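Everything below belongs to protein25.txt, which stores compact mmCIF, C-alpha atoms.
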```txt
# COMPACT_ATOMS: atom_id res chain seq x y z
CA MET A 918 101.16 122.91 98.02
CA SER A 919 104.83 123.04 97.05
CA THR A 920 105.91 120.87 94.11
CA VAL A 921 109.34 120.32 95.69
CA PRO A 922 109.38 116.73 96.99
CA LEU A 923 109.88 116.18 100.68
CA ILE A 924 110.67 112.49 100.13
CA ASP A 925 112.67 111.51 97.05
CA ILE A 926 113.01 107.76 96.43
CA ARG A 927 115.47 106.79 93.71
CA ASN A 928 115.98 103.34 92.15
CA LEU A 929 115.21 101.52 95.41
CA VAL A 930 115.99 97.80 95.44
CA TYR A 931 115.34 95.58 98.46
CA ASP A 932 115.81 91.82 98.73
CA TYR A 933 114.54 89.22 101.15
CA PRO A 934 116.23 85.80 100.95
CA GLY A 935 115.26 84.44 97.55
CA PHE A 936 112.82 87.27 96.81
CA ARG A 937 113.16 90.82 95.46
CA ALA A 938 110.54 92.95 97.22
CA LEU A 939 111.36 96.33 95.64
CA LYS A 940 112.56 96.46 92.05
CA GLY A 941 114.17 99.81 91.25
CA LEU A 942 111.31 101.81 92.73
CA ASN A 943 111.14 105.57 92.15
CA ALA A 944 108.73 108.03 93.78
CA ARG A 945 108.61 111.66 94.90
CA ILE A 946 106.31 112.54 97.81
CA GLU A 947 105.22 116.17 97.85
CA ARG A 948 105.51 118.26 100.98
CA GLY A 949 102.15 118.59 102.76
CA SER A 950 100.51 115.75 100.84
CA VAL A 951 98.57 112.79 102.25
CA THR A 952 99.53 109.83 100.09
CA ALA A 953 97.50 106.62 100.10
CA LEU A 954 99.95 103.74 99.65
CA VAL A 955 97.90 100.95 98.08
CA GLY A 956 98.45 97.60 96.42
CA PRO A 957 97.86 93.87 96.89
CA ASN A 958 99.52 91.80 99.59
CA GLY A 959 103.20 91.37 98.78
CA ALA A 960 103.34 94.52 96.62
CA GLY A 961 106.10 96.00 98.82
CA LYS A 962 104.15 98.58 100.84
CA THR A 963 105.46 97.68 104.30
CA THR A 964 108.99 97.18 102.98
CA LEU A 965 108.91 100.64 101.39
CA LEU A 966 107.69 102.26 104.62
CA ARG A 967 110.39 100.54 106.65
CA CYS A 968 113.06 101.62 104.17
CA ILE A 969 111.87 105.24 104.36
CA ALA A 970 111.94 104.97 108.16
CA ALA A 971 115.56 103.70 107.97
CA LEU A 972 114.52 100.45 109.66
CA GLU A 973 115.62 98.39 106.64
CA THR A 974 118.69 98.84 104.46
CA PRO A 975 118.10 98.48 100.72
CA VAL A 976 120.45 96.61 98.38
CA SER A 977 120.79 99.76 96.28
CA GLY A 978 119.15 103.09 95.62
CA ALA A 979 118.62 106.06 97.90
CA ILE A 980 115.95 107.87 99.90
CA HIS A 981 116.28 111.57 100.63
CA ILE A 982 114.24 113.76 102.95
CA GLY A 983 115.05 117.15 101.55
CA GLU A 984 118.83 117.02 101.18
CA LEU A 985 119.27 114.36 103.88
CA ASP A 986 120.16 110.80 102.83
CA VAL A 987 118.05 108.61 105.12
CA HIS A 988 120.40 105.62 105.22
CA GLU A 989 123.59 107.62 105.58
CA ASN A 990 122.10 109.69 108.43
CA PRO A 991 119.40 107.54 110.07
CA ARG A 992 119.47 109.32 113.44
CA ASN A 993 118.97 112.72 111.86
CA ALA A 994 116.28 111.25 109.61
CA HIS A 995 114.41 109.89 112.64
CA LYS A 996 114.14 113.44 114.00
CA LEU A 997 112.13 114.38 110.91
CA MET A 998 109.66 111.49 110.93
CA GLY A 999 107.23 109.48 112.96
CA TYR A 1000 106.50 105.82 112.19
CA LEU A 1001 103.67 103.55 113.31
CA SER A 1002 103.84 99.89 112.32
CA ASP A 1003 100.82 97.65 111.95
CA ALA A 1004 101.96 95.80 115.10
CA PHE A 1005 102.24 98.85 117.36
CA GLY A 1006 102.39 98.59 121.14
CA VAL A 1007 101.76 100.82 124.15
CA TYR A 1008 102.78 100.43 127.80
CA GLN A 1009 99.58 99.19 129.43
CA ASP A 1010 100.41 100.45 132.96
CA LEU A 1011 101.41 103.98 131.92
CA SER A 1012 98.87 106.76 131.74
CA VAL A 1013 98.42 108.64 128.48
CA LYS A 1014 100.38 111.53 129.98
CA GLN A 1015 103.21 109.26 131.14
CA ALA A 1016 103.40 107.41 127.80
CA LEU A 1017 103.62 110.62 125.80
CA THR A 1018 106.11 112.15 128.25
CA TYR A 1019 108.32 109.09 127.93
CA ALA A 1020 108.12 109.27 124.13
CA ALA A 1021 109.00 112.98 124.18
CA ARG A 1022 111.93 112.58 126.57
CA SER A 1023 113.28 109.61 124.55
CA ARG A 1024 113.36 111.99 121.56
CA GLY A 1025 115.61 114.38 123.46
CA ILE A 1026 112.90 116.89 124.36
CA SER A 1027 113.57 118.68 127.65
CA SER A 1028 111.36 118.04 130.65
CA GLU A 1029 109.78 121.51 130.48
CA ALA A 1030 109.21 121.35 126.71
CA ALA A 1031 107.82 117.84 127.05
CA ARG A 1032 104.95 119.09 129.23
CA THR A 1033 103.84 121.45 126.49
CA ALA A 1034 104.38 118.85 123.78
CA VAL A 1035 102.24 116.31 125.64
CA LEU A 1036 99.31 118.71 126.00
CA GLU A 1037 99.50 119.77 122.34
CA THR A 1038 99.73 116.15 121.21
CA THR A 1039 96.75 114.94 123.24
CA GLU A 1040 94.69 117.69 121.64
CA LYS A 1041 95.81 116.63 118.15
CA VAL A 1042 94.91 112.98 118.74
CA GLN A 1043 91.72 113.76 120.67
CA LEU A 1044 92.82 112.30 124.01
CA THR A 1045 92.81 115.42 126.21
CA GLU A 1046 90.14 113.95 128.49
CA LYS A 1047 92.16 110.73 128.90
CA LEU A 1048 95.42 112.26 130.12
CA GLU A 1049 95.40 110.39 133.44
CA ALA A 1050 93.84 107.16 132.13
CA LYS A 1051 96.09 104.11 131.87
CA ALA A 1052 96.72 102.87 128.36
CA GLY A 1053 95.40 99.43 129.32
CA THR A 1054 91.95 100.89 130.03
CA LEU A 1055 91.61 102.62 126.65
CA SER A 1056 89.55 101.32 123.75
CA ARG A 1057 91.45 99.99 120.74
CA GLY A 1058 90.76 103.18 118.82
CA GLN A 1059 92.05 105.30 121.70
CA ARG A 1060 95.18 103.14 122.00
CA GLN A 1061 95.72 103.61 118.27
CA ARG A 1062 95.52 107.38 118.69
CA LEU A 1063 97.89 107.19 121.66
CA ALA A 1064 100.39 105.28 119.52
CA ILE A 1065 100.09 107.97 116.84
CA GLY A 1066 100.62 110.58 119.55
CA GLN A 1067 103.84 108.84 120.58
CA ALA A 1068 104.97 108.97 116.93
CA ILE A 1069 104.27 112.71 116.53
CA VAL A 1070 105.07 114.14 119.97
CA HIS A 1071 108.35 115.54 118.59
CA THR A 1072 106.43 117.34 115.79
CA PRO A 1073 107.94 115.52 112.81
CA GLN A 1074 107.61 116.68 109.21
CA ILE A 1075 106.57 113.19 108.05
CA LEU A 1076 104.25 110.53 109.50
CA LEU A 1077 104.46 106.98 108.12
CA LEU A 1078 101.53 104.70 108.96
CA ASP A 1079 101.16 101.01 108.17
CA GLU A 1080 97.54 99.78 108.30
CA PRO A 1081 96.53 102.29 111.01
CA ALA A 1082 92.80 101.47 110.87
CA ASN A 1083 93.21 97.69 111.04
CA GLY A 1084 90.79 96.15 113.54
CA LEU A 1085 88.95 99.39 114.33
CA ASP A 1086 85.17 99.77 114.32
CA PRO A 1087 83.53 102.40 112.06
CA GLU A 1088 83.34 105.03 114.82
CA ALA A 1089 87.02 104.61 115.72
CA ARG A 1090 87.97 104.77 112.04
CA SER A 1091 86.06 108.02 111.66
CA SER A 1092 87.88 109.49 114.66
CA LEU A 1093 91.20 108.41 113.19
CA ALA A 1094 90.36 110.06 109.86
CA LYS A 1095 89.69 113.34 111.70
CA VAL A 1096 93.10 113.09 113.36
CA PHE A 1097 94.83 112.61 110.00
CA THR A 1098 92.89 115.50 108.46
CA GLY A 1099 93.94 117.75 111.33
CA LEU A 1100 97.61 116.77 111.02
CA SER A 1101 97.49 117.42 107.28
CA ARG A 1102 96.00 120.88 107.80
CA GLU A 1103 98.92 121.68 110.10
CA GLY A 1104 101.31 120.90 107.26
CA MET A 1105 102.44 117.39 108.17
CA THR A 1106 103.17 115.03 105.26
CA LEU A 1107 101.49 111.63 105.63
CA LEU A 1108 102.15 108.35 103.86
CA VAL A 1109 99.44 105.85 104.80
CA SER A 1110 99.31 102.20 103.80
CA SER A 1111 95.91 100.55 104.09
CA HIS A 1112 93.62 97.95 102.53
CA ILE A 1113 90.57 100.00 103.53
CA LEU A 1114 90.42 102.26 100.50
CA ALA A 1115 87.09 103.89 101.37
CA GLU A 1116 88.63 105.45 104.49
CA LEU A 1117 91.70 106.70 102.68
CA ASP A 1118 89.32 108.61 100.41
CA GLU A 1119 88.36 110.87 103.31
CA TYR A 1120 91.78 112.50 103.67
CA SER A 1121 94.15 111.41 100.86
CA THR A 1122 95.43 113.90 98.28
CA HIS A 1123 97.56 111.43 96.27
CA MET A 1124 97.64 107.74 95.39
CA LEU A 1125 100.84 105.70 95.19
CA ALA A 1126 99.89 102.25 93.90
CA LEU A 1127 102.45 99.45 94.03
CA ASP A 1128 102.40 96.06 92.34
CA GLN A 1129 105.13 93.42 92.53
CA GLY A 1130 107.69 95.83 93.94
CA LYS A 1131 107.17 98.52 91.31
CA VAL A 1132 105.15 101.72 91.05
CA LEU A 1133 101.91 100.98 89.24
CA GLU A 1134 100.76 104.60 89.33
CA HIS A 1135 101.50 107.72 91.37
CA ARG A 1136 99.32 110.77 90.89
CA PRO A 1137 97.07 113.32 92.59
CA LEU A 1138 93.49 112.27 93.26
CA ASN A 1139 90.62 114.12 91.56
CA THR A 1140 92.78 116.74 89.88
CA ILE A 1141 90.72 119.89 89.34
CA ALA A 1142 91.46 122.66 86.83
CA THR A 1143 91.86 126.02 88.58
CA ALA A 1144 91.01 129.46 87.22
CA GLY A 1145 93.19 130.36 84.26
CA GLN A 1146 94.73 126.89 84.11
CA SER A 1147 93.83 123.64 82.42
CA GLY A 1148 94.32 120.23 83.96
CA PRO A 1149 92.88 116.73 83.78
CA VAL A 1150 89.38 116.47 85.23
CA TRP A 1151 87.19 113.38 85.34
CA HIS A 1152 83.78 113.72 83.65
CA ARG A 1153 80.84 111.36 83.30
CA LEU A 1154 78.82 111.36 80.07
CA THR A 1155 75.47 109.56 80.30
CA PHE A 1156 73.50 108.33 77.26
CA PRO A 1157 69.86 107.23 76.83
CA SER A 1158 70.86 103.57 76.57
CA ARG A 1159 73.85 101.25 76.38
CA GLN A 1160 73.32 100.98 72.63
CA SER A 1161 74.04 104.73 72.31
CA VAL A 1162 77.48 104.37 73.95
CA GLY A 1163 79.14 102.39 71.17
CA PRO A 1164 78.90 105.01 68.39
CA ALA A 1165 80.03 107.76 70.79
CA LEU A 1166 83.02 105.83 72.14
CA ALA A 1167 85.12 106.01 68.98
CA TRP A 1168 84.33 109.71 68.47
CA LEU A 1169 85.17 110.67 72.07
CA SER A 1170 88.36 108.60 72.13
CA SER A 1171 89.59 110.46 69.03
CA GLN A 1172 89.45 113.89 70.69
CA ASP A 1173 92.84 115.43 71.55
CA ALA A 1174 91.77 116.72 74.99
CA VAL A 1175 90.30 113.35 76.05
CA ASN A 1176 91.95 110.21 77.37
CA ASP A 1177 91.40 107.31 79.79
CA VAL A 1178 87.89 106.67 78.41
CA ALA A 1179 86.04 103.88 80.23
CA VAL A 1180 82.51 102.55 79.68
CA GLU A 1181 80.22 101.91 82.65
CA GLY A 1182 76.76 100.77 81.56
CA ALA A 1183 75.09 103.63 79.69
CA SER A 1184 77.85 106.07 80.72
CA MET A 1185 81.40 106.88 79.77
CA ILE A 1186 83.95 108.26 82.23
CA PHE A 1187 86.91 110.15 80.80
CA HIS A 1188 89.69 112.58 81.58
CA HIS A 1189 89.37 116.01 79.93
CA HIS A 1190 92.54 118.13 79.73
CA GLY A 1191 91.05 121.39 78.41
CA ASP A 1192 89.39 124.42 79.96
CA ALA A 1193 85.68 125.35 80.06
CA GLN A 1194 85.76 126.61 76.48
CA ASP A 1195 87.28 123.33 75.27
CA LEU A 1196 84.59 121.39 77.14
CA ALA A 1197 81.86 123.50 75.48
CA ALA A 1198 83.40 122.70 72.10
CA LEU A 1199 83.34 119.01 73.01
CA VAL A 1200 79.63 119.20 73.79
CA ALA A 1201 78.95 121.01 70.51
CA GLY A 1202 80.94 118.34 68.67
CA LEU A 1203 78.87 115.56 70.23
CA VAL A 1204 75.64 117.24 69.19
CA GLY A 1205 76.96 118.02 65.73
CA ALA A 1206 77.98 114.40 65.23
CA GLY A 1207 74.43 113.27 66.04
CA LEU A 1208 75.41 111.67 69.34
CA PRO A 1209 72.66 112.67 71.80
CA PHE A 1210 73.37 112.35 75.50
CA ILE A 1211 71.39 112.92 78.69
CA GLU A 1212 73.94 114.45 81.01
CA LEU A 1213 77.56 115.59 81.25
CA LYS A 1214 78.92 116.30 84.72
CA ARG A 1215 82.16 116.32 86.66
CA HIS A 1216 82.93 112.95 88.17
CA SER A 1217 84.76 112.51 91.47
CA GLU A 1218 86.64 109.26 91.14
CA ASN A 1219 87.16 107.59 94.49
CA LEU A 1220 90.36 105.88 95.51
CA GLN A 1221 89.09 102.37 94.81
CA GLU A 1222 88.06 103.38 91.28
CA SER A 1223 91.48 104.99 90.74
CA TYR A 1224 93.30 101.90 91.97
CA LEU A 1225 91.19 99.43 89.97
CA ARG A 1226 91.57 101.56 86.85
CA SER A 1227 95.36 101.51 87.34
CA LEU A 1228 95.29 97.72 87.61
CA ASP A 1229 93.16 97.45 84.46
CA ARG A 1230 95.59 99.63 82.49
CA GLN A 1231 98.56 97.60 83.76
CA ARG A 1232 96.92 94.31 82.77
CA ALA A 1233 96.05 95.73 79.34
CA ARG A 1234 99.69 96.76 78.81
CA GLN A 1235 100.90 93.34 79.90
CA ALA A 1236 98.45 91.65 77.51
CA GLU A 1237 99.75 93.79 74.62
CA THR A 1238 103.42 93.03 75.39
CA PRO A 1239 104.57 89.73 73.85
CA PRO A 1240 106.49 87.42 76.22
CA GLN A 1241 110.23 87.78 75.94
CA PRO A 1242 112.19 84.64 75.01
CA ALA A 1243 114.38 83.26 77.76
CA ALA A 1244 118.01 84.27 77.44
CA GLU A 1245 120.31 81.46 76.45
CA GLU A 1246 123.06 80.59 78.85
CA THR A 1247 126.59 81.22 77.70
CA PRO A 1248 128.59 77.99 77.72
```

Could you spell out this file's structure in structure tokens?
Amino acid sequence: MSTVPLIDIRNLVYDYPGFRALKGLNARIERGSVTALVGPNGAGKTTLLRCIAALETPVSGAIHIGELDVHENPRNAHKLMGYLSDAFGVYQDLSVKQALTYAARSRGISSEAARTAVLETTEKVQLTEKLEAKAGTLSRGQRQRLAIGQAIVHTPQILLLDEPANGLDPEARSSLAKVFTGLSREGMTLLVSSHILAELDEYSTHMLALDQGKVLEHRPLNTIATAGQSGPVWHRLTFPSRQSVGPALAWLSSQDAVNDVAVEGASMIFHHHGDAQDLAALVAGLVGAGLPFIELKRHSENLQESYLRSLDRQRARQAETPPQPAAEETP
């Protein structure tokens, strides 16, 4: 995956009457990534998506897709992206084929090219067998996939999705996850906002967590060290009992290649930044320090764990920061 950002968000500020929704937000979305946009209600997720889609104009800041400024060139930006809001709609009396043809033609695709685009799109969203069915007869999950098809029929580089799995049953959610995985494999960049973190785990490569209009954390999920390189990897260290964890905690936290240590019962979860040789030295150090353990294994942190850990770190930082005195007004 290229490290050059496809979407570059710089110092984005957005205001609603009496309320600042985005507060100097910065983020860089990598090309080909699937980014889970997470955070509590009111964090600014929908506002950010709408700003990227050039449907809202920020007070200040900029959003670039490659070299293109989204708000200076919204029409050109729209050619590069698809957007599906949480309150999407489809034309009930149009067939799947007609709905996708209309979407393609409205994007400036020629009649001949539209026929090919419609067939390719129905395959991507798993609606090939429903080409002649009216949208009003489809299940909610199928209508959701049709709406996604309308958003990608022009083959955009970016797909923005706001709560796409809302109201779907488990089977429909699974089908939707397969669609997103397929789009990602074809090289499309996805930014998906959802409260259903377990589903985002199935296809997300990155997490962008927002809180109160700011970036809480933005990072890859489950970073793995590749051959010849070292990178942060989650590990779980399990001890015979909870009483054994305490003495080991201080020792482990003092190691240069270790950070983000968290205790869970009789286990500790931590990030290790070294290679295999460094990890072997860590094990030898534990044994040499008389700190027996039962098991050390790689730990795959799911999205919910990542998000909750980010919140815990943020709250800890806030607790350590003394409140600032109110500024006095100048007479």

Exercise for review: Compare A:Leu1196, A:Ile926, A:Ala971, A:Val1132 by their minimum atom-to-atom distance to A:Val1150, counting all atoms listed in the file, and give me the closest one.
Suggested key: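 Checking each of A:Leu1196, A:Ile926, A:Ala971, A:Val1132 against A:Val1150, counting all atoms listed in the file, the winner is A:Leu1196.
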
Check your understanding: Between A:Asp1086, A:Glu1037, A:Asp1010, A:Asp1003, which is the closest to A:Gly1066 once you count all atoms listed in the file?
Key ->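 The shortest atom-to-atom distance to A:Gly1066 comes from A:Glu1037.
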
Practice item. Go through A:Thr1039, A:Thr1054, A:Thr1018, A:Ser1091 one by one, measure the shortest atom-to-atom distance of each to A:Leu1117 using only C-alpha atoms, and give the residue with the smallest value. Key: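 Closest residue, counting only C-alpha atoms: A:Ser1091.
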
Review point. If you count all atoms listed in the file, which residues fall within 9 Å of A:Leu1076, apart from same-chain ones fewer than 5 positions away, as a ChimeraX atom specification?
Key: /A:997-1001,1065,1068-1069,1105-1109

Practice item. Just the residues within 6 Å of A:His1188, please, counting all atoms listed in the file, with nothing from its chain fewer than 3 positions along; format it as a list of chain:residue names. Key: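 Listed by chain and then number, they are A:Pro1149, A:Val1150, A:Trp1151, A:Val1175, A:Asn1176, A:Asp1177.
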
Check your understanding: Hey, what's within 10 Å of A:Leu1036 if we count only C-alpha atoms and toss same-chain stuff fewer than 5 positions away? As a list in words, please?
Key ->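 Answer for this query is Lys1014, Leu1017, Thr1018, Ala1031, Lys1041, Leu1044, Thr1045, Leu1048 and Val1070 of chain A.
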
Would you mind listing what lies within 12 Å of A:Leu1199 as a PDB file with C-alpha atoms, in the frame of the given file, with only C-alpha atoms counted and same-chain residues fewer than 2 positions away left out?
```
ATOM      1  CA  HIS A1152      83.780 113.720  83.650  1.00  0.00           C
ATOM      2  CA  LEU A1154      78.820 111.360  80.070  1.00  0.00           C
ATOM      3  CA  ALA A1165      80.030 107.760  70.790  1.00  0.00           C
ATOM      4  CA  TRP A1168      84.330 109.710  68.470  1.00  0.00           C
ATOM      5  CA  LEU A1169      85.170 110.670  72.070  1.00  0.00           C
ATOM      6  CA  SER A1170      88.360 108.600  72.130  1.00  0.00           C
ATOM      7  CA  SER A1171      89.590 110.460  69.030  1.00  0.00           C
ATOM      8  CA  GLN A1172      89.450 113.890  70.690  1.00  0.00           C
ATOM      9  CA  ASP A1173      92.840 115.430  71.550  1.00  0.00           C
ATOM     10  CA  ALA A1174      91.770 116.720  74.990  1.00  0.00           C
ATOM     11  CA  VAL A1175      90.300 113.350  76.050  1.00  0.00           C
ATOM     12  CA  HIS A1189      89.370 116.010  79.930  1.00  0.00           C
ATOM     13  CA  HIS A1190      92.540 118.130  79.730  1.00  0.00           C
ATOM     14  CA  GLY A1191      91.050 121.390  78.410  1.00  0.00           C
ATOM     15  CA  ASP A1192      89.390 124.420  79.960  1.00  0.00           C
ATOM     16  CA  ALA A1193      85.680 125.350  80.060  1.00  0.00           C
ATOM     17  CA  GLN A1194      85.760 126.610  76.480  1.00  0.00           C
ATOM     18  CA  ASP A1195      87.280 123.330  75.270  1.00  0.00           C
ATOM     19  CA  LEU A1196      84.590 121.390  77.140  1.00  0.00           C
ATOM     20  CA  ALA A1197      81.860 123.500  75.480  1.00  0.00           C
ATOM     21  CA  ALA A1201      78.950 121.010  70.510  1.00  0.00           C
ATOM     22  CA  GLY A1202      80.940 118.340  68.670  1.00  0.00           C
ATOM     23  CA  LEU A1203      78.870 115.560  70.230  1.00  0.00           C
ATOM     24  CA  VAL A1204      75.640 117.240  69.190  1.00  0.00           C
ATOM     25  CA  GLY A1205      76.960 118.020  65.730  1.00  0.00           C
ATOM     26  CA  ALA A1206      77.980 114.400  65.230  1.00  0.00           C
ATOM     27  CA  LEU A1208      75.410 111.670  69.340  1.00  0.00           C
ATOM     28  CA  LEU A1213      77.560 115.590  81.250  1.00  0.00           C
TER      29      LEU A1213
END
```
